[in-house]
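Trainee: If it helps, the file is called input.cif and holds mmCIF, C-alpha atoms and all ligand atoms:
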```cif
data_final
#
loop_
_atom_site.label_atom_id
_atom_site.label_comp_id
_atom_site.auth_asym_id
_atom_site.auth_seq_id
_atom_site.Cartn_x
_atom_site.Cartn_y
_atom_site.Cartn_z
CA ALA A 676 -46.00 35.03 17.91
CA ASP A 677 -44.92 31.45 17.29
CA ARG A 678 -41.71 29.43 17.28
CA VAL A 679 -40.31 28.31 13.95
CA SER A 680 -37.40 25.89 13.66
CA PHE A 681 -35.17 26.73 10.72
CA LEU A 682 -31.95 24.70 10.23
CA ASN A 683 -32.18 23.55 13.87
CA ILE A 684 -32.41 27.08 15.22
CA ASN A 685 -35.64 28.17 16.91
CA PHE A 686 -36.84 31.58 15.82
CA ASP A 687 -39.64 33.62 17.36
CA ARG A 688 -41.85 34.68 14.48
CA MET A 689 -43.82 37.88 14.90
CA PRO A 690 -44.44 41.15 13.08
CA GLU A 691 -42.36 44.20 13.98
CA SER A 692 -45.16 45.91 15.92
CA GLU A 693 -45.49 42.86 18.15
CA ALA A 694 -41.72 42.58 18.60
CA ILE A 695 -41.59 46.17 19.84
CA GLU A 696 -44.49 45.55 22.23
CA VAL A 697 -43.05 42.28 23.58
CA LEU A 698 -39.56 43.74 23.99
CA LEU A 699 -40.65 46.97 25.64
CA ALA A 700 -42.82 45.05 28.13
CA ARG A 701 -39.87 42.75 28.93
CA LEU A 702 -37.55 45.71 29.47
CA LEU A 703 -39.84 47.83 31.62
CA LYS A 704 -40.82 44.83 33.78
CA ARG A 705 -37.09 44.16 34.24
CA GLN A 706 -37.54 40.56 33.14
CA GLY A 707 -33.94 40.36 31.92
CA GLY A 708 -33.02 37.77 29.32
CA ARG A 709 -31.10 37.40 26.10
CA VAL A 710 -32.31 38.72 22.77
CA TYR A 711 -30.60 37.91 19.47
CA TYR A 712 -31.10 38.54 15.79
CA GLY A 713 -30.30 35.77 13.35
CA ASN A 714 -29.32 36.64 9.80
CA ALA A 715 -27.77 34.46 7.10
CA HIS A 716 -24.24 35.16 8.41
CA THR A 717 -25.33 34.16 11.92
CA MET A 718 -26.78 30.88 10.65
CA VAL A 719 -23.66 29.97 8.67
CA THR A 720 -21.43 30.86 11.62
CA ALA A 721 -23.61 28.87 14.07
CA ALA A 722 -23.33 25.78 11.86
CA ARG A 723 -19.55 25.83 12.41
CA ASN A 724 -19.31 27.38 15.85
CA PRO A 725 -20.87 25.35 18.70
CA ALA A 726 -20.47 28.21 21.20
CA LEU A 727 -22.61 30.46 19.01
CA ALA A 728 -25.18 27.69 18.39
CA GLN A 729 -25.41 27.12 22.14
CA ALA A 730 -25.77 30.84 22.85
CA LEU A 731 -28.64 31.10 20.36
CA GLU A 732 -30.27 28.04 21.93
CA GLN A 733 -30.09 29.66 25.38
CA GLY A 734 -31.65 32.87 24.09
CA ASP A 735 -35.06 34.06 25.28
CA LEU A 736 -35.93 35.65 21.97
CA LEU A 737 -34.41 35.02 18.55
CA LEU A 738 -35.67 37.28 15.79
CA ALA A 739 -35.19 36.64 12.08
CA ASP A 740 -33.12 39.29 10.34
CA GLY A 741 -32.78 39.80 6.62
CA SER A 742 -33.80 38.50 3.25
CA GLY A 743 -31.38 35.54 3.35
CA VAL A 744 -33.22 33.99 6.30
CA ARG A 745 -36.58 34.92 4.80
CA TRP A 746 -35.73 33.28 1.47
CA GLY A 747 -34.09 30.17 2.98
CA SER A 748 -36.87 29.57 5.52
CA ALA A 749 -39.55 29.93 2.83
CA PHE A 750 -37.64 27.51 0.60
CA LEU A 751 -37.58 24.94 3.43
CA GLY A 752 -41.28 25.43 4.16
CA THR A 753 -40.97 27.32 7.46
CA PRO A 754 -41.33 30.91 6.27
CA LEU A 755 -39.97 33.63 8.54
CA VAL A 756 -41.75 36.44 6.78
CA HIS A 757 -40.92 39.37 9.05
CA ASN A 758 -37.60 41.16 8.81
CA LEU A 759 -36.57 42.14 12.35
CA ASN A 760 -33.24 43.79 13.12
CA GLY A 761 -31.63 45.97 15.74
CA THR A 762 -31.14 48.86 13.35
CA ASP A 763 -34.93 49.25 13.08
CA LEU A 764 -36.03 47.94 16.47
CA VAL A 765 -33.61 49.76 18.78
CA PRO A 766 -34.67 53.27 17.64
CA SER A 767 -38.34 52.19 17.91
CA LEU A 768 -37.76 50.89 21.44
CA CYS A 769 -36.01 54.15 22.39
CA LYS A 770 -38.84 56.18 20.85
CA ASN A 771 -41.61 54.20 22.57
CA GLY A 772 -39.71 53.84 25.84
CA ALA A 773 -38.55 57.44 26.20
CA ALA A 774 -41.77 58.59 27.89
CA LYS A 775 -41.44 55.65 30.31
CA ASN A 776 -37.86 56.48 31.34
CA LEU A 777 -36.36 53.57 29.46
CA SER A 778 -32.64 53.33 30.24
CA ILE A 779 -30.04 51.78 27.98
CA TYR A 780 -26.35 50.95 28.27
CA LEU A 781 -24.19 50.78 25.15
CA LEU A 782 -21.36 48.22 25.14
CA GLY A 783 -19.27 47.74 22.02
CA ALA A 784 -17.69 49.32 18.93
CA LYS A 785 -14.44 51.29 18.82
CA PRO A 786 -13.56 53.89 21.50
CA ASN A 787 -15.86 56.97 21.37
CA VAL A 788 -18.38 55.40 18.97
CA ALA A 789 -20.78 54.29 21.72
CA GLU A 790 -20.62 57.79 23.25
CA ILE A 791 -21.51 59.46 19.95
CA ALA A 792 -24.27 56.90 19.28
CA ALA A 793 -25.66 57.50 22.78
CA ALA A 794 -25.64 61.28 22.29
CA ASN A 795 -27.44 60.92 18.95
CA LEU A 796 -30.12 58.69 20.50
CA LYS A 797 -30.56 61.10 23.42
CA LYS A 798 -30.95 64.01 20.99
CA ALA A 799 -33.57 62.10 18.98
CA TYR A 800 -35.47 60.79 22.05
CA PRO A 801 -34.88 63.26 24.92
CA GLY A 802 -36.68 61.18 27.60
CA LEU A 803 -34.36 58.23 26.99
CA ILE A 804 -31.87 57.58 29.80
CA ILE A 805 -28.31 56.71 28.82
CA ALA A 806 -27.12 54.58 31.74
CA GLY A 807 -23.56 54.28 30.41
CA THR A 808 -21.24 53.42 27.55
CA GLN A 809 -18.19 51.20 27.09
CA HIS A 810 -16.18 50.37 23.98
CA GLY A 811 -15.91 46.78 22.82
CA TYR A 812 -12.14 46.31 22.85
CA PHE A 813 -11.38 45.19 26.40
CA SER A 814 -9.48 42.25 27.87
CA ASP A 815 -10.86 39.41 29.98
CA SER A 816 -9.19 40.95 33.03
CA GLU A 817 -11.28 44.12 32.56
CA THR A 818 -14.56 42.20 32.29
CA PRO A 819 -15.38 42.08 36.04
CA GLN A 820 -15.20 45.86 36.45
CA ILE A 821 -17.21 46.38 33.26
CA LEU A 822 -19.90 44.02 34.56
CA GLU A 823 -19.90 45.84 37.91
CA ALA A 824 -20.33 49.23 36.20
CA ILE A 825 -23.31 47.87 34.23
CA ARG A 826 -24.85 46.32 37.37
CA VAL A 827 -24.54 49.60 39.24
CA ALA A 828 -25.97 51.62 36.33
CA ARG A 829 -28.88 49.12 36.18
CA PRO A 830 -30.21 49.81 32.68
CA HIS A 831 -33.34 48.15 31.38
CA LEU A 832 -31.47 47.24 28.20
CA LEU A 833 -27.82 46.41 27.55
CA LEU A 834 -26.98 46.70 23.86
CA VAL A 835 -23.94 44.58 23.00
CA ALA A 836 -22.39 45.65 19.69
CA MET A 837 -19.32 43.46 19.23
CA GLY A 838 -20.31 41.57 16.08
CA VAL A 839 -21.27 37.94 15.48
CA PRO A 840 -20.34 35.62 17.20
CA LEU A 841 -18.47 37.57 19.90
CA GLN A 842 -21.52 39.47 21.18
CA GLU A 843 -23.73 36.36 21.47
CA ILE A 844 -21.00 34.39 23.24
CA TRP A 845 -20.28 37.32 25.57
CA ILE A 846 -23.95 37.63 26.45
CA ASP A 847 -24.26 33.86 26.92
CA GLN A 848 -21.37 33.89 29.38
CA HIS A 849 -22.34 37.00 31.35
CA ALA A 850 -26.11 37.56 31.25
CA ASN A 851 -26.58 35.53 34.44
CA LEU A 852 -24.43 38.13 36.21
CA LEU A 853 -26.75 40.91 35.03
CA PRO A 854 -30.13 40.02 36.54
CA GLU A 855 -33.11 42.13 35.46
CA ILE A 856 -31.14 43.57 32.54
CA THR A 857 -32.13 42.43 29.05
CA CYS A 858 -29.04 41.86 26.88
CA MET A 859 -29.36 42.27 23.11
CA GLY A 860 -26.74 41.63 20.43
CA VAL A 861 -26.83 44.40 17.84
CA GLY A 862 -23.76 44.01 15.58
CA GLY A 863 -22.66 47.21 13.88
CA LEU A 864 -25.56 49.31 15.20
CA PHE A 865 -23.44 51.89 17.06
CA ASP A 866 -21.39 52.57 13.93
CA PHE A 867 -24.61 53.43 12.04
CA VAL A 868 -26.17 55.47 14.85
CA ALA A 869 -22.91 57.42 15.36
CA LEU A 870 -22.83 58.61 11.73
N1 LIG A 901 -16.35 45.07 17.70
C1 LIG A 901 -16.10 45.21 19.07
N2 LIG A 901 -15.14 44.44 19.64
C2 LIG A 901 -14.44 43.49 18.97
C3 LIG A 901 -14.72 43.32 17.58
C4 LIG A 901 -15.70 44.12 16.99
O1 LIG A 901 -16.72 46.04 19.73
O2 LIG A 901 -13.59 42.83 19.56
C5 LIG A 901 -17.36 45.93 17.09
C6 LIG A 901 -16.93 46.67 15.84
O3 LIG A 901 -16.23 47.85 16.21
C7 LIG A 901 -18.27 46.96 15.17
C8 LIG A 901 -19.11 45.75 15.57
O4 LIG A 901 -18.42 45.12 16.65
O5 LIG A 901 -18.84 48.13 15.71
C9 LIG A 901 -19.29 44.71 14.47
O6 LIG A 901 -19.96 45.25 13.42
P1 LIG A 901 -20.39 44.36 12.18
O7 LIG A 901 -21.20 45.21 11.29
O8 LIG A 901 -19.19 43.64 11.63
O9 LIG A 901 -21.32 43.29 12.93
P2 LIG A 901 -22.11 42.03 12.36
O10 LIG A 901 -22.03 42.08 10.86
O11 LIG A 901 -21.44 40.87 12.95
O12 LIG A 901 -23.49 42.23 12.91
#
```
What does the file become when written as structure tokens?
Ligand code: UDP
Mentor:
Amino acid sequence: ADRVSFLNINFDRMPESEAIEVLLARLLKRQGGRVYYGNAHTMVTAARNPALAQALEQGDLLLADGSGVRWGSAFLGTPLVHNLNGTDLVPSLCKNGAAKNLSIYLLGAKPNVAEIAAANLKKAYPGLIIAGTQHGYFSDSETPQILEAIRVARPHLLLVAMGVPLQEIWIDQHANLLPEITCMGVGGLFDFVAL
């Protein structure tokens, strides 16, 4: 793996197999941290939204997602050749982690979607532990009890599926309250997995 600066954002460049290995080790060692995917939409939004740019800067791992970033980074001479995204990586992590009692918590999407997504993942990877679920339409006043529920459930991985830039900003503001839990922004993943 190496770090590649593209439009002032530092990406971690690595092939998918290495990303799975690095992430699974981080999760099972309970290293915590913030993991983001950057696609073209993320980059454009970060250029206009300082809170998102700051969240990405504070991330422990930023993985390049999609052909827009691949094309743009190659054009500027810093090619991010690997296409890494939550839709591919999360099922791989669940698959590889299931035998090691990997536990995940699903936060985000509309009511009931996270529950259906969790049930589908559990069906596909029976050893996987679903530590909990919570929809992504809650108020600031509900945040403390949501954080407490996640802390008590103590998953290895918290998937935050609230879209860009909300999920990155939420993680940036709250990851320090979730020690030993790796937080990952995954966009519309639950909607796909719930289908
Ligand atoms: N979402 C949410 N809370 C909000 C706004 C959106 O949980 O306040 C969810 C929405 O239901 C959807 C996801 O965030 O499941 C965003 O999906 P999208 O594909 O738009 O994400 P992006 O393209 O930003 O990765």
Trainee: Residues of chain A that have any atom at most 9 Å from an atom of ligand LIG 901 (chain A): could you tabulate them with the shortest-distance atom pair and the distance in Å to one decimal, using all atoms listed in the file, ordered by chain and increasing number, as a Markdown table?
Mentor:
```
| residue | atom | partner | partner_atom | distance |
| --- | --- | --- | --- | --- |
| A:Tyr712 | CA | A:LIG901 | O12 | 8.9 |
| A:Asn714 | CA | A:LIG901 | O12 | 8.7 |
| A:His716 | CA | A:LIG901 | O10 | 7.7 |
| A:Thr717 | CA | A:LIG901 | O11 | 7.8 |
| A:Leu782 | CA | A:LIG901 | O1 | 7.5 |
| A:Gly783 | CA | A:LIG901 | O1 | 3.8 |
| A:Ala784 | CA | A:LIG901 | O3 | 3.4 |
| A:Lys785 | CA | A:LIG901 | O3 | 4.7 |
| A:Pro786 | CA | A:LIG901 | O3 | 8.5 |
| A:Val788 | CA | A:LIG901 | O5 | 8.0 |
| A:Ala789 | CA | A:LIG901 | O5 | 8.8 |
| A:His810 | CA | A:LIG901 | O1 | 6.1 |
| A:Gly811 | CA | A:LIG901 | O1 | 3.3 |
| A:Tyr812 | CA | A:LIG901 | N2 | 4.8 |
| A:Phe813 | CA | A:LIG901 | O2 | 7.6 |
| A:Val835 | CA | A:LIG901 | O1 | 8.1 |
| A:Ala836 | CA | A:LIG901 | O4 | 5.0 |
| A:Met837 | CA | A:LIG901 | O4 | 3.2 |
| A:Gly838 | CA | A:LIG901 | O11 | 3.4 |
| A:Val839 | CA | A:LIG901 | O11 | 3.9 |
| A:Pro840 | CA | A:LIG901 | O11 | 6.8 |
| A:Leu841 | CA | A:LIG901 | O2 | 7.2 |
| A:Gln842 | CA | A:LIG901 | O4 | 7.9 |
| A:Gly860 | CA | A:LIG901 | O12 | 8.2 |
| A:Val861 | CA | A:LIG901 | O12 | 6.3 |
| A:Gly862 | CA | A:LIG901 | O12 | 3.2 |
| A:Gly863 | CA | A:LIG901 | O6 | 3.4 |
| A:Leu864 | CA | A:LIG901 | O5 | 6.8 |
| A:Phe865 | CA | A:LIG901 | O5 | 6.1 |
| A:Asp866 | CA | A:LIG901 | O5 | 5.4 |
| A:Phe867 | CA | A:LIG901 | O5 | 8.7 |
```
Trainee: Which residue is closest to Leu698 in chain A? Choose from A:Val710, A:Ile844, A:Val827, A:Ala715 and count only C-alpha atoms.
Mentor: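 So, comparing all the options, the nearest one is A:Val710.
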Trainee: Which value, in Å to one decimal, gives the distance between CA of Phe681 in chain A and CA of Ser748 in chain A?
Mentor: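 Straight-line distance from CA of Phe681 in chain A to CA of Ser748 in chain A works out to 6.2 Å.
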Trainee: Can you pull out the residues contacting Asp740 in chain A? Cut-off 8 Å, using all atoms listed in the file, and skip same-chain residues under 2 positions away; I want them as a list of chain:residue names.
Mentor: A:Tyr712, A:Gly713, A:Asn714, A:Ala715, A:Leu738, A:Ser742, A:Val744, A:Arg745, A:His757, A:Asn758, A:Leu759, A:Asn760
Trainee: Here is a test: counting only C-alpha atoms, which residue of A:Arg709, A:Lys775, A:Lys798, A:Arg829 is nearest to Glu843 in chain A?
Mentor: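 Using only C-alpha atoms, the shortest distance to Glu843 in chain A belongs to A:Arg709.
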